[in-house]
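Q: Enclosed is the structure file protein-v9.csv (CSV, C-alpha atoms and all ligand atoms).
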```csv
chain,number,residue,atom,x,y,z
A,1326,MET,CA,56.5,0.9,-45.2
A,1327,PRO,CA,55.1,3.9,-47.1
A,1328,ALA,CA,54.2,6.8,-44.7
A,1329,GLY,CA,50.6,6.9,-45.9
A,1330,MET,CA,50.1,3.3,-44.8
A,1331,VAL,CA,51.4,4.0,-41.3
A,1332,GLU,CA,49.0,6.8,-41.1
A,1333,THR,CA,46.0,4.8,-42.2
A,1334,ALA,CA,47.1,1.9,-39.9
A,1335,GLY,CA,47.1,4.5,-37.1
A,1336,LYS,CA,43.7,5.9,-38.0
A,1337,ALA,CA,42.3,2.4,-38.1
A,1338,GLY,CA,43.1,2.4,-34.4
A,1339,HIS,CA,44.7,-1.0,-33.6
A,1340,ALA,CA,48.4,-1.4,-32.8
A,1341,GLY,CA,48.5,-4.9,-34.6
A,1342,LEU,CA,47.6,-3.3,-37.9
A,1343,GLY,CA,50.9,-1.5,-38.2
A,1344,GLU,CA,52.7,-4.8,-37.8
A,1345,ILE,CA,50.5,-6.4,-40.5
A,1346,ALA,CA,51.3,-3.5,-42.8
A,1347,ARG,CA,55.0,-4.1,-42.3
A,1348,LYS,CA,54.6,-7.8,-43.0
A,1349,VAL,CA,52.8,-7.1,-46.2
A,1350,GLU,CA,55.5,-4.6,-47.2
A,1351,ARG,CA,58.2,-7.2,-46.6
A,1352,GLY,CA,56.2,-9.9,-48.4
A,1353,ASP,CA,55.8,-12.0,-45.3
A,1354,ARG,CA,52.8,-14.4,-44.9
A,1355,LEU,CA,49.9,-13.3,-42.8
A,1356,SER,CA,48.6,-15.6,-40.1
A,1357,ARG,CA,45.0,-16.6,-39.2
A,1358,GLU,CA,45.2,-14.0,-36.3
A,1359,ASP,CA,46.3,-11.3,-38.8
A,1360,GLY,CA,43.4,-12.2,-41.0
A,1361,LEU,CA,40.9,-11.9,-38.1
A,1362,LEU,CA,42.4,-8.6,-37.1
A,1363,LEU,CA,42.0,-7.3,-40.6
A,1364,GLU,CA,38.4,-8.5,-40.6
A,1365,ARG,CA,37.6,-6.9,-37.3
A,1366,HIS,CA,39.7,-3.7,-37.2
A,1367,GLY,CA,41.0,-3.0,-40.7
A,1368,ASP,CA,39.3,0.1,-42.1
A,1369,ILE,CA,38.5,0.1,-45.8
A,1370,ASN,CA,41.2,2.6,-46.8
A,1371,PHE,CA,43.8,0.7,-44.9
A,1372,LEU,CA,42.7,-2.7,-46.5
A,1373,GLY,CA,42.6,-1.1,-49.9
A,1374,GLU,CA,46.0,0.4,-49.7
A,1375,LEU,CA,47.6,-2.8,-48.6
A,1376,ALA,CA,45.8,-5.0,-51.0
A,1377,ASN,CA,46.7,-2.7,-53.9
A,1378,LEU,CA,50.3,-2.9,-52.9
A,1379,VAL,CA,50.2,-6.7,-53.3
A,1380,ARG,CA,48.0,-6.4,-56.5
A,1381,GLU,CA,50.5,-4.1,-58.2
A,1382,ARG,CA,53.5,-6.2,-57.0
A,1383,LYS,CA,52.0,-9.3,-58.6
A,1384,ASN,CA,50.3,-7.9,-61.6
A,1385,GLY,CA,51.5,-4.4,-62.2
A,1386,ASN,CA,48.9,-2.0,-63.6
A,1387,VAL,CA,47.3,-4.7,-65.8
A,1388,GLY,CA,43.5,-5.2,-65.7
A,1389,TRP,CA,42.8,-8.6,-67.3
A,1390,TYR,CA,39.6,-9.5,-69.1
A,1391,ASN,CA,38.6,-12.3,-71.5
A,1392,VAL,CA,36.1,-13.0,-74.2
A,1393,ASN,CA,34.1,-15.9,-73.1
A,1394,VAL,CA,30.7,-17.5,-73.2
A,1395,HIS,CA,28.7,-19.5,-70.6
A,1396,LEU,CA,26.9,-22.7,-71.2
A,1397,ASN,CA,24.5,-24.0,-68.5
A,1398,PRO,CA,23.4,-27.2,-70.1
A,1399,THR,CA,20.6,-27.9,-67.6
A,1400,ASN,CA,19.0,-26.3,-64.6
A,1401,VAL,CA,17.5,-29.6,-63.3
A,1402,CYS,CA,19.3,-30.4,-60.1
A,1403,ALA,CA,19.0,-33.2,-57.5
A,1404,TYR,CA,20.2,-30.8,-54.8
A,1405,ARG,CA,18.4,-27.9,-53.2
A,1406,CYS,CA,21.0,-25.3,-52.0
A,1407,THR,CA,19.1,-22.6,-50.2
A,1408,PHE,CA,20.9,-19.8,-52.0
A,1409,CYS,CA,20.2,-21.1,-55.5
A,1410,ALA,CA,17.7,-19.4,-57.7
A,1411,PHE,CA,18.8,-21.4,-60.8
A,1412,ARG,CA,17.8,-25.0,-60.0
A,1413,ALA,CA,14.6,-26.7,-61.0
A,1414,ASP,CA,12.9,-30.0,-60.3
A,1415,LEU,CA,12.5,-32.3,-63.3
A,1416,LYS,CA,8.9,-31.5,-63.8
A,1417,ASP,CA,9.0,-27.7,-63.0
A,1418,ALA,CA,7.8,-25.4,-65.8
A,1419,LYS,CA,11.1,-23.7,-65.9
A,1420,ALA,CA,13.1,-27.0,-66.1
A,1421,TYR,CA,15.3,-27.3,-69.2
A,1422,ARG,CA,18.0,-29.5,-70.7
A,1423,MET,CA,19.8,-28.3,-73.8
A,1424,ALA,CA,19.5,-30.5,-76.9
A,1425,ASP,CA,22.7,-31.4,-78.8
A,1426,ASP,CA,21.7,-29.0,-81.6
A,1427,ASP,CA,21.4,-26.1,-79.2
A,1428,ILE,CA,24.8,-26.9,-77.8
A,1429,ILE,CA,26.3,-27.0,-81.3
A,1430,THR,CA,24.6,-23.7,-82.1
A,1431,ARG,CA,26.1,-22.2,-78.9
A,1432,ALA,CA,29.6,-23.4,-80.0
A,1433,ARG,CA,29.1,-22.0,-83.4
A,1434,GLU,CA,28.1,-18.7,-81.9
A,1435,ALA,CA,31.1,-18.7,-79.7
A,1436,LYS,CA,33.3,-19.2,-82.7
A,1437,GLY,CA,31.6,-16.4,-84.6
A,1438,ARG,CA,32.2,-14.1,-81.6
A,1439,GLY,CA,35.9,-15.0,-81.3
A,1440,CYS,CA,35.5,-16.4,-77.8
A,1441,THR,CA,38.5,-18.1,-76.4
A,1442,GLU,CA,36.7,-19.8,-73.5
A,1443,MET,CA,33.5,-21.6,-72.8
A,1444,HIS,CA,32.5,-21.8,-69.1
A,1445,ILE,CA,30.3,-24.9,-68.6
A,1446,VAL,CA,28.4,-25.5,-65.3
A,1447,GLY,CA,24.9,-26.5,-64.5
A,1448,GLY,CA,22.6,-28.7,-62.4
A,1449,LEU,CA,23.0,-32.3,-61.4
A,1450,HIS,CA,20.4,-33.9,-63.6
A,1451,ASN,CA,18.7,-36.9,-61.9
A,1452,LYS,CA,18.1,-38.7,-65.1
A,1453,MET,CA,21.1,-38.0,-67.2
A,1454,PRO,CA,24.2,-40.3,-67.2
A,1455,TYR,CA,27.7,-38.8,-66.9
A,1456,GLU,CA,28.3,-39.5,-70.6
A,1457,TRP,CA,25.9,-36.8,-71.5
A,1458,TYR,CA,28.0,-34.3,-69.6
A,1459,ARG,CA,31.2,-35.7,-71.2
A,1460,ASP,CA,29.7,-35.6,-74.7
A,1461,ILE,CA,28.8,-31.9,-74.4
A,1462,LEU,CA,32.6,-31.3,-74.5
A,1463,THR,CA,33.0,-33.4,-77.6
A,1464,LEU,CA,30.1,-31.6,-79.3
A,1465,VAL,CA,31.6,-28.2,-78.6
A,1466,ARG,CA,35.1,-29.1,-79.6
A,1467,GLY,CA,33.7,-30.8,-82.8
A,1468,GLU,CA,32.4,-27.4,-83.8
A,1469,TYR,CA,35.1,-25.1,-82.4
A,1470,PRO,CA,38.3,-27.1,-81.6
A,1471,ARG,CA,40.3,-24.1,-80.5
A,1472,ILE,CA,38.0,-23.0,-77.7
A,1473,HIS,CA,39.2,-23.7,-74.1
A,1474,LEU,CA,36.6,-25.7,-72.1
A,1475,LYS,CA,36.5,-24.7,-68.4
A,1476,ALA,CA,34.0,-27.3,-67.3
A,1477,TYR,CA,32.2,-28.6,-64.3
A,1478,THR,CA,32.6,-27.6,-60.7
A,1479,ALA,CA,34.0,-30.0,-58.0
A,1480,VAL,CA,30.3,-30.5,-56.9
A,1481,GLU,CA,29.6,-31.9,-60.4
A,1482,TRP,CA,32.7,-34.1,-60.4
A,1483,ASP,CA,31.6,-35.5,-57.0
A,1484,TRP,CA,28.2,-36.2,-58.5
A,1485,PHE,CA,29.8,-38.0,-61.5
A,1486,GLU,CA,31.8,-40.1,-59.0
A,1487,ARG,CA,28.7,-40.9,-57.1
A,1488,ILE,CA,26.7,-42.0,-60.1
A,1489,THR,CA,29.5,-44.0,-61.8
A,1490,GLY,CA,31.5,-45.3,-58.9
A,1491,LYS,CA,34.6,-44.3,-60.8
A,1492,PRO,CA,37.4,-42.3,-59.1
A,1493,VAL,CA,37.6,-38.7,-60.0
A,1494,ALA,CA,41.1,-39.0,-61.4
A,1495,GLU,CA,39.7,-41.5,-64.0
A,1496,LEU,CA,36.8,-39.3,-64.8
A,1497,LEU,CA,39.0,-36.2,-65.2
A,1498,GLY,CA,41.3,-38.2,-67.6
A,1499,GLU,CA,38.3,-39.4,-69.6
A,1500,PHE,CA,36.8,-35.8,-69.9
A,1501,ARG,CA,40.3,-34.4,-70.7
A,1502,ASP,CA,40.4,-36.8,-73.7
A,1503,ALA,CA,37.0,-35.3,-74.7
A,1504,GLY,CA,38.4,-31.7,-74.5
A,1505,LEU,CA,38.3,-30.6,-70.9
A,1506,GLY,CA,40.8,-27.8,-70.4
A,1507,SER,CA,40.5,-26.7,-66.8
A,1508,LEU,CA,38.0,-26.6,-63.9
A,1509,PRO,CA,36.0,-23.6,-62.7
A,1510,GLY,CA,36.1,-22.7,-59.0
A,1511,GLY,CA,32.4,-22.9,-58.2
A,1512,GLY,CA,30.8,-25.0,-55.5
A,1513,ALA,CA,33.3,-24.1,-52.7
A,1514,GLU,CA,30.7,-21.8,-51.1
A,1515,ILE,CA,31.9,-21.7,-47.5
A,1516,PHE,CA,33.9,-24.6,-46.2
A,1517,ASP,CA,32.8,-24.4,-42.6
A,1518,PRO,CA,30.6,-27.5,-42.0
A,1519,VAL,CA,28.0,-25.8,-39.9
A,1520,VAL,CA,27.4,-22.9,-42.3
A,1521,ARG,CA,27.6,-25.3,-45.2
A,1522,GLY,CA,24.9,-27.4,-43.6
A,1523,LYS,CA,22.6,-24.3,-43.6
A,1524,ILE,CA,23.1,-23.4,-47.2
A,1525,CYS,CA,23.9,-26.6,-49.1
A,1526,GLU,CA,23.7,-29.6,-46.8
A,1527,HIS,CA,23.8,-32.3,-49.5
A,1528,LYS,CA,26.5,-30.9,-51.6
A,1529,ALA,CA,30.1,-32.2,-51.7
A,1530,ASP,CA,31.8,-31.2,-48.4
A,1531,ALA,CA,34.9,-29.1,-48.1
A,1532,SER,CA,37.3,-32.0,-48.1
A,1533,THR,CA,35.7,-33.4,-51.3
A,1534,TRP,CA,35.9,-30.0,-53.0
A,1535,LEU,CA,39.6,-29.7,-52.1
A,1536,ARG,CA,40.3,-33.4,-53.1
A,1537,VAL,CA,38.8,-32.9,-56.5
A,1538,HIS,CA,41.0,-29.8,-57.2
A,1539,GLU,CA,44.0,-31.6,-55.8
A,1540,GLU,CA,43.4,-34.5,-58.2
A,1541,ALA,CA,42.9,-32.1,-61.1
A,1542,HIS,CA,46.2,-30.3,-60.3
A,1543,ARG,CA,48.0,-33.6,-60.0
A,1544,LEU,CA,46.9,-34.4,-63.5
A,1545,GLY,CA,48.2,-31.0,-64.8
A,1546,LEU,CA,44.8,-29.4,-65.1
A,1547,ARG,CA,44.6,-25.8,-63.7
A,1548,SER,CA,41.6,-24.6,-61.7
A,1549,ASN,CA,40.0,-21.6,-60.0
A,1550,ALA,CA,38.7,-21.2,-56.5
A,1551,THR,CA,35.7,-19.3,-55.1
A,1552,MET,CA,34.1,-18.3,-51.8
A,1553,LEU,CA,30.4,-17.3,-51.4
A,1554,TYR,CA,30.1,-14.6,-48.8
A,1555,GLY,CA,27.5,-12.3,-47.3
A,1556,HIS,CA,25.0,-14.9,-46.0
A,1557,HIS,CA,25.3,-16.9,-42.7
A,1558,GLU,CA,29.0,-16.9,-42.4
A,1559,GLU,CA,31.2,-15.0,-39.9
A,1560,ALA,CA,34.7,-13.5,-40.3
A,1561,GLU,CA,36.4,-16.6,-39.0
A,1562,HIS,CA,34.7,-18.8,-41.6
A,1563,ARG,CA,35.9,-16.6,-44.4
A,1564,ILE,CA,39.5,-16.5,-43.1
A,1565,ASP,CA,39.5,-20.3,-42.5
A,1566,HIS,CA,38.2,-20.8,-46.1
A,1567,LEU,CA,41.0,-18.7,-47.5
A,1568,LEU,CA,43.6,-20.6,-45.4
A,1569,ALA,CA,42.3,-24.0,-46.7
A,1570,LEU,CA,42.8,-22.7,-50.3
A,1571,ARG,CA,46.2,-21.3,-49.5
A,1572,ASP,CA,47.3,-24.6,-48.0
A,1573,LEU,CA,46.3,-26.6,-51.1
A,1574,GLN,CA,47.9,-24.0,-53.3
A,1575,ASP,CA,51.1,-24.5,-51.3
A,1576,ARG,CA,51.0,-28.2,-52.1
A,1577,THR,CA,50.0,-28.1,-55.8
A,1578,GLY,CA,50.3,-24.6,-57.2
A,1579,GLY,CA,47.4,-25.5,-59.5
A,1580,PHE,CA,45.0,-22.6,-58.8
A,1581,GLN,CA,45.1,-19.7,-61.2
A,1582,THR,CA,42.7,-17.2,-59.7
A,1583,PHE,CA,40.5,-16.6,-56.7
A,1584,ILE,CA,37.0,-15.2,-57.2
A,1585,PRO,CA,35.0,-14.0,-54.1
A,1586,LEU,CA,31.3,-14.4,-54.9
A,1587,ALA,CA,28.8,-12.0,-53.4
A,1588,PHE,CA,25.5,-13.8,-52.3
A,1589,HIS,CA,22.5,-12.7,-54.3
A,1590,PRO,CA,19.3,-13.4,-52.4
A,1591,ASP,CA,16.5,-12.7,-55.0
A,1592,ASN,CA,14.3,-15.7,-55.9
A,1593,THR,CA,16.1,-17.9,-53.4
A,1594,ARG,CA,15.0,-19.5,-50.1
A,1595,MET,CA,17.2,-16.9,-48.4
A,1596,ALA,CA,15.3,-14.0,-50.1
A,1597,HIS,CA,14.7,-12.4,-46.6
A,1598,MET,CA,18.4,-11.7,-46.2
A,1599,PRO,CA,20.0,-8.5,-47.5
A,1600,LYS,CA,22.6,-8.5,-50.2
A,1601,PRO,CA,26.2,-7.8,-49.1
A,1602,SER,CA,27.0,-4.1,-49.3
A,1603,GLY,CA,29.5,-2.6,-51.7
A,1604,LEU,CA,31.7,-1.9,-48.7
A,1605,MET,CA,31.7,-5.6,-47.7
A,1606,ASP,CA,32.4,-6.6,-51.3
A,1607,LEU,CA,35.6,-4.4,-51.3
A,1608,ARG,CA,36.6,-5.6,-47.8
A,1609,VAL,CA,36.4,-9.3,-48.8
A,1610,MET,CA,38.2,-8.6,-52.0
A,1611,ALA,CA,41.1,-6.8,-50.2
A,1612,ILE,CA,41.4,-9.3,-47.4
A,1613,SER,CA,41.4,-12.2,-49.9
A,1614,ARG,CA,44.2,-10.6,-51.8
A,1615,LEU,CA,46.2,-10.2,-48.6
A,1616,MET,CA,45.7,-13.7,-47.3
A,1617,LEU,CA,46.1,-15.6,-50.6
A,1618,ASP,CA,49.8,-14.7,-51.1
A,1619,ASN,CA,50.3,-17.7,-53.3
A,1620,PHE,CA,47.5,-16.9,-55.8
A,1621,GLN,CA,48.7,-14.9,-58.8
A,1622,HIS,CA,45.2,-13.5,-59.6
A,1623,VAL,CA,42.1,-12.3,-57.8
A,1624,LYS,CA,39.0,-11.6,-59.9
A,1625,ALA,CA,36.2,-9.1,-59.5
A,1626,TYR,CA,33.4,-11.0,-61.2
A,1627,TRP,CA,31.4,-8.1,-62.5
A,1628,ILE,CA,28.3,-10.2,-63.1
A,1629,MET,CA,28.0,-10.6,-59.4
A,1630,LEU,CA,29.5,-7.4,-58.1
A,1631,GLY,CA,28.0,-5.0,-60.6
A,1632,ILE,CA,30.1,-3.0,-63.0
A,1633,LYS,CA,30.8,-0.1,-60.7
A,1634,THR,CA,32.0,-2.1,-57.7
A,1635,ALA,CA,34.1,-4.3,-60.1
A,1636,GLN,CA,35.8,-1.2,-61.4
A,1637,VAL,CA,36.6,0.0,-57.9
A,1638,ALA,CA,37.8,-3.5,-56.9
A,1639,LEU,CA,40.6,-3.1,-59.4
A,1640,SER,CA,42.2,-0.9,-56.7
A,1641,TYR,CA,41.2,-3.2,-53.9
A,1642,GLY,CA,43.2,-6.2,-54.8
A,1643,ALA,CA,41.6,-7.5,-58.0
A,1644,ASP,CA,43.5,-7.6,-61.3
A,1645,ASP,CA,40.8,-9.2,-63.5
A,1646,ILE,CA,37.1,-8.5,-64.2
A,1647,ASP,CA,36.3,-11.6,-66.1
A,1648,GLY,CA,34.8,-11.2,-69.6
A,1649,THR,CA,32.0,-10.7,-72.0
A,1650,VAL,CA,30.1,-13.5,-70.3
A,1651,VAL,CA,27.4,-14.2,-72.9
A,1652,HIS,CA,24.4,-16.3,-71.8
A,1653,GLU,CA,25.0,-16.2,-68.1
A,1654,LYS,CA,21.9,-17.6,-66.3
A,1655,ILE,CA,22.8,-18.6,-62.7
A,1656,TYR,CA,23.3,-15.2,-61.1
A,1657,HIS,CA,20.7,-13.4,-63.3
A,1658,GLU,CA,18.1,-15.8,-61.9
A,1659,ALA,CA,19.2,-14.7,-58.4
A,1660,GLY,CA,18.6,-11.0,-59.2
A,1661,SER,CA,21.9,-9.8,-60.7
A,1662,ASP,CA,21.0,-6.7,-62.7
A,1663,THR,CA,24.2,-6.5,-64.7
A,1664,PRO,CA,23.8,-6.5,-68.5
A,1665,GLN,CA,24.2,-10.1,-69.9
A,1666,GLU,CA,27.0,-9.1,-72.2
A,1667,LEU,CA,29.6,-6.4,-72.0
A,1668,GLN,CA,31.1,-5.6,-75.4
A,1669,ILE,CA,34.9,-5.6,-75.6
A,1670,GLN,CA,35.2,-1.8,-76.1
A,1671,GLU,CA,33.1,-1.2,-73.1
A,1672,ILE,CA,35.1,-3.6,-71.0
A,1673,ARG,CA,38.3,-2.0,-72.1
A,1674,HIS,CA,36.9,1.4,-71.3
A,1675,LEU,CA,35.8,0.3,-67.8
A,1676,ILE,CA,39.3,-0.9,-67.1
A,1677,THR,CA,41.0,2.2,-68.5
A,1678,GLU,CA,38.6,4.4,-66.6
A,1679,ALA,CA,39.7,2.6,-63.4
A,1680,GLY,CA,43.3,3.6,-64.2
A,1681,ARG,CA,44.4,0.2,-65.3
A,1682,GLU,CA,45.8,-1.1,-68.6
A,1683,PRO,CA,43.3,-3.5,-70.2
A,1684,ARG,CA,44.8,-6.7,-71.5
A,1685,GLU,CA,43.0,-9.6,-73.0
A,1686,ARG,CA,43.9,-13.1,-71.7
A,1687,ASP,CA,42.9,-16.6,-72.4
A,1688,THR,CA,41.8,-19.0,-69.7
A,1689,LEU,CA,45.4,-19.7,-68.7
A,1690,TYR,CA,46.3,-16.0,-68.5
A,1691,ARG,CA,48.3,-15.9,-71.7
A,1692,GLU,CA,47.9,-12.6,-73.5
A,1693,VAL,CA,45.6,-12.8,-76.5
A,1694,SER,CA,46.3,-10.8,-79.7
A,1695,ARG,CA,43.6,-10.1,-82.2
A,1696,GLY,CA,44.1,-9.9,-86.0
A,1697,ALA,CA,42.4,-7.6,-88.5
A,1698,ARG,CA,39.3,-9.8,-88.0
A,1699,PHE,CA,38.3,-10.1,-84.4
A,1700,THR,CA,37.9,-13.8,-84.7
A,1701,ASP,CA,41.5,-14.3,-85.7
A,1702,TRP,CA,43.2,-14.6,-82.4
A,1703,SER,CA,46.5,-16.0,-81.1
A,1704,VAL,CA,48.1,-16.3,-77.7
A,1705,ALA,CA,51.6,-15.4,-76.5
A,1706,GLU,CA,53.2,-18.7,-75.4
B,1801,LIG,S1,23.9,-24.4,-56.4
B,1801,LIG,FE1,24.3,-26.0,-57.9
B,1801,LIG,S2,24.1,-27.9,-56.7
B,1801,LIG,FE2,23.1,-26.3,-55.5
B,1801,LIG,S3,20.9,-26.4,-56.1
B,1801,LIG,FE3,21.9,-24.9,-57.5
B,1801,LIG,S4,22.5,-26.0,-59.3
B,1801,LIG,FE4,22.1,-27.5,-57.7
```
Step by step, read the file and then write its structure as structure tokens.
A:
Amino acid sequence: MPAGMVETAGKAGHAGLGEIARKVERGDRLSREDGLLLERHGDINFLGELANLVRERKNGNVGWYNVNVHLNPTNVCAYRCTFCAFRADLKDAKAYRMADDDIITRAREAKGRGCTEMHIVGGLHNKMPYEWYRDILTLVRGEYPRIHLKAYTAVEWDWFERITGKPVAELLGEFRDAGLGSLPGGGAEIFDPVVRGKICEHKADASTWLRVHEEAHRLGLRSNATMLYGHHEEAEHRIDHLLALRDLQDRTGGFQTFIPLAFHPDNTRMAHMPKPSGLMDLRVMAISRLMLDNFQHVKAYWIMLGIKTAQVALSYGADDIDGTVVHEKIYHEAGSDTPQELQIQEIRHLITEAGREPRERDTLYREVSRGARFTDWSVAE
């Protein structure tokens, strides 16, 4: 173990931390008790140093980013998660549902900007059949066949199951034929049933969320995983959440990246609660990196964390800061004050300034090369 790490473990003041540092150094798996000890006694420097060791072991000095666009086809939602500032009732003044032409325009715009990915998530519209969601994929692919469609969270897949009575494996197959490339990680929130009951009582439960991802992995689709923190949850809920993800990853290996999501209270029914601090953001990032030893990537989603924290997070376990993220609505409704779109040069500069080597990726973490024209792109196989 590097001498500095022993010293910071010592300063952190708990004998067990030295043993955890030795485990990380050897590449041994951390237990639930280790996770709880890190949560309760690990100081920020100690956590950062250890998480950075794992980050550099797995991803070297690379800071990944991608060029993507968001599509939130509707904000009308049958559910009422208390942390959600995005949703609307069918008759609300702010309710919207994108028309086919708007979706095609968005696909054309993505092509014109050289985006490699479209991230598609939205509300559970009470009146729209599942075919509408499926046909969005067909519309986008019709306009821009090369784009990777990362579409619909496990909560949406559960909704499609409920409204059709079809098993999720069949739905995933049908949507894959329409262009589905992978699944985003949203909707996981916190798996603990009591906390989940407080923030999203009607939503797909933990076992459903995990089952949908397991089915997707079984079909060869990759997916991401998330955790919403900084609201009603306690340290043990975060650790148990990470362990549930780690268990599934042991079985399938289908997760690509883990994204801790900081709770944003503005315009939600939890507006009385404070935002998580920057310190908490970095602690959660580092502990996630340490517990999820079978995840290759951990992302600092700059839209949620803010640019400055995302930059620092590149030394606290994260190896990815997501992308240009045009047209993001969900977190901006909840008070995120990050700019809607970060230009490529700016993203590269932020990563370089953080001491990392910027590298563009596609959704599946293949390196992207750009030709003389930015829209001419290819991936390393
Ligand atoms: S978080 Fe998703 S499921 Fe929950 S209310 Fe908002 S849009 Fe609906």
Q: Name the residues, by chain letter and number, that sit within 10 Å of ligand LIG 1801 (chain B) using only C-alpha atoms and all ligand atoms, and give them as a VMD selection string.
A: chain A and resid 1397 1399 to 1414 1446 to 1450 1478 1480 to 1481 1484 1511 to 1512 1514 1524 to 1529 1593 1655
Q: If you measure from atom CA of A:Asn1370 to atom CA of A:Phe1620, what distance in Å do you get, rounded to one decimal?
A: 22.4 Å
Q: Please report, as a Markdown table, each residue of stretch 1536-1636 of chain A lying at most 12 Å from stretch 1390-1395 of chain A, together with the nearest pair of atoms and the separation in Å rounded to one decimal; use all atoms listed in the file, and order rows by chain and ascending residue number.
A:
```
| residue | atom | partner | partner_atom | distance |
| --- | --- | --- | --- | --- |
| A:His1622 | CA | A:Tyr1390 | CA | 11.7 |
| A:Val1623 | CA | A:Tyr1390 | CA | 11.9 |
| A:Lys1624 | CA | A:Tyr1390 | CA | 9.5 |
| A:Ala1625 | CA | A:Tyr1390 | CA | 10.2 |
| A:Tyr1626 | CA | A:Tyr1390 | CA | 10.2 |
| A:Trp1627 | CA | A:Tyr1390 | CA | 10.6 |
| A:Ile1628 | CA | A:His1395 | CA | 12.0 |
| A:Ala1635 | CA | A:Tyr1390 | CA | 11.8 |
| A:Gln1636 | CA | A:Tyr1390 | CA | 11.9 |
```
Q: One decimal, Å: what's the distance from atom CA of A:Gly1439 over to atom CA of A:Glu1468, could you say?
A: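 Those two atoms sit 13.1 Å apart.
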Q: Within 6 Å of A:Ala1476, counting all atoms listed in the file, which residues show up once you throw out same-chain ones fewer than 2 positions away? Write them as a JSON list (two decimals) with C-alpha atoms, in the coordinates of the input, please.
A:
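Saved the output as out27.json:
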```
[["chain", "number", "residue", "atom", "x", "y", "z"],
["A", 1444, "HIS", "CA", 32.50, -21.80, -69.10],
["A", 1445, "ILE", "CA", 30.30, -24.90, -68.60],
["A", 1474, "LEU", "CA", 36.60, -25.70, -72.10],
["A", 1508, "LEU", "CA", 38.00, -26.60, -63.90]]
```
Q: Between atom CA of A:Arg1691 and atom CA of A:Phe1583, what is the distance, to one decimal in Å?
A: 16.9 Å
Q: List as a PyMOL selection string the protein and nucleic acid residues near A:Thr1463, meaning an atom at most 10 Å away when only C-alpha atoms are counted, but skip any in the same chain fewer than 2 places from it.
A: chain A and resi 1429+1457-1461+1465-1470+1500+1502-1505
Q: For A:Gln1581, which residue among A:Met1552, A:Leu1363, A:Leu1546, A:Met1443 is the nearest when counting all atoms listed in the file?
A: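 Nearest candidate to A:Gln1581 out of A:Met1552, A:Leu1363, A:Leu1546, A:Met1443: A:Leu1546.
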Q: Extract, using all atoms listed in the file, all DNA, RNA and protein residues at most 10 Å from stretch 1684-1687 of chain A, discarding same-chain residues fewer than 2 positions from it, and format them as a PyMOL selection string.
A: chain A and resi 1387-1393+1440-1442+1472-1473+1645+1647-1648+1669+1673+1676+1681-1682+1689-1695+1703-1705
Q: A:Ala1513, A:Met1605, A:Met1423, A:Met1595: which is nearest A:Gly1555, counting only C-alpha atoms?
A: A:Met1605
Q: Looking at A:Leu1496, A:Ile1488, A:Leu1342, A:Ala1569, which one is nearest to A:Glu1364, with distances taken over all atoms listed in the file?
A: A:Leu1342
Q: Which residues are close to A:Arg1543, i.e. within 12 Å by all atoms listed in the file, leaving aside same-chain residues fewer than 5 positions away? Reply as a list in words.
A: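 Residues meeting the cut-off are Val1493, Ala1494, Leu1497, Gly1498, Arg1536, Val1537, His1538, Ser1548, Leu1573, Gln1574, Arg1576, Thr1577, Gly1578, Gly1579 and Phe1580 of chain A.
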Q: Pick from A:Glu1381, A:Asp1368, A:Glu1344, A:Asp1591: nearest to A:Ser1356, with only C-alpha atoms counted?
A: A:Glu1344
Q: Compare A:Leu1464, A:Leu1544, A:Ala1596, A:Ile1345 by their minimum atom-to-atom distance to A:Leu1361, counting only C-alpha atoms, and give me the closest one.
A: A:Ile1345
Q: Check the smallest atom-to-atom distance from each of A:Glu1495, A:Asp1701, A:Asp1606, A:Asp1644 to A:Trp1482 using only C-alpha atoms, then report the winner.
A: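 Closest to A:Trp1482, using only C-alpha atoms: A:Glu1495.
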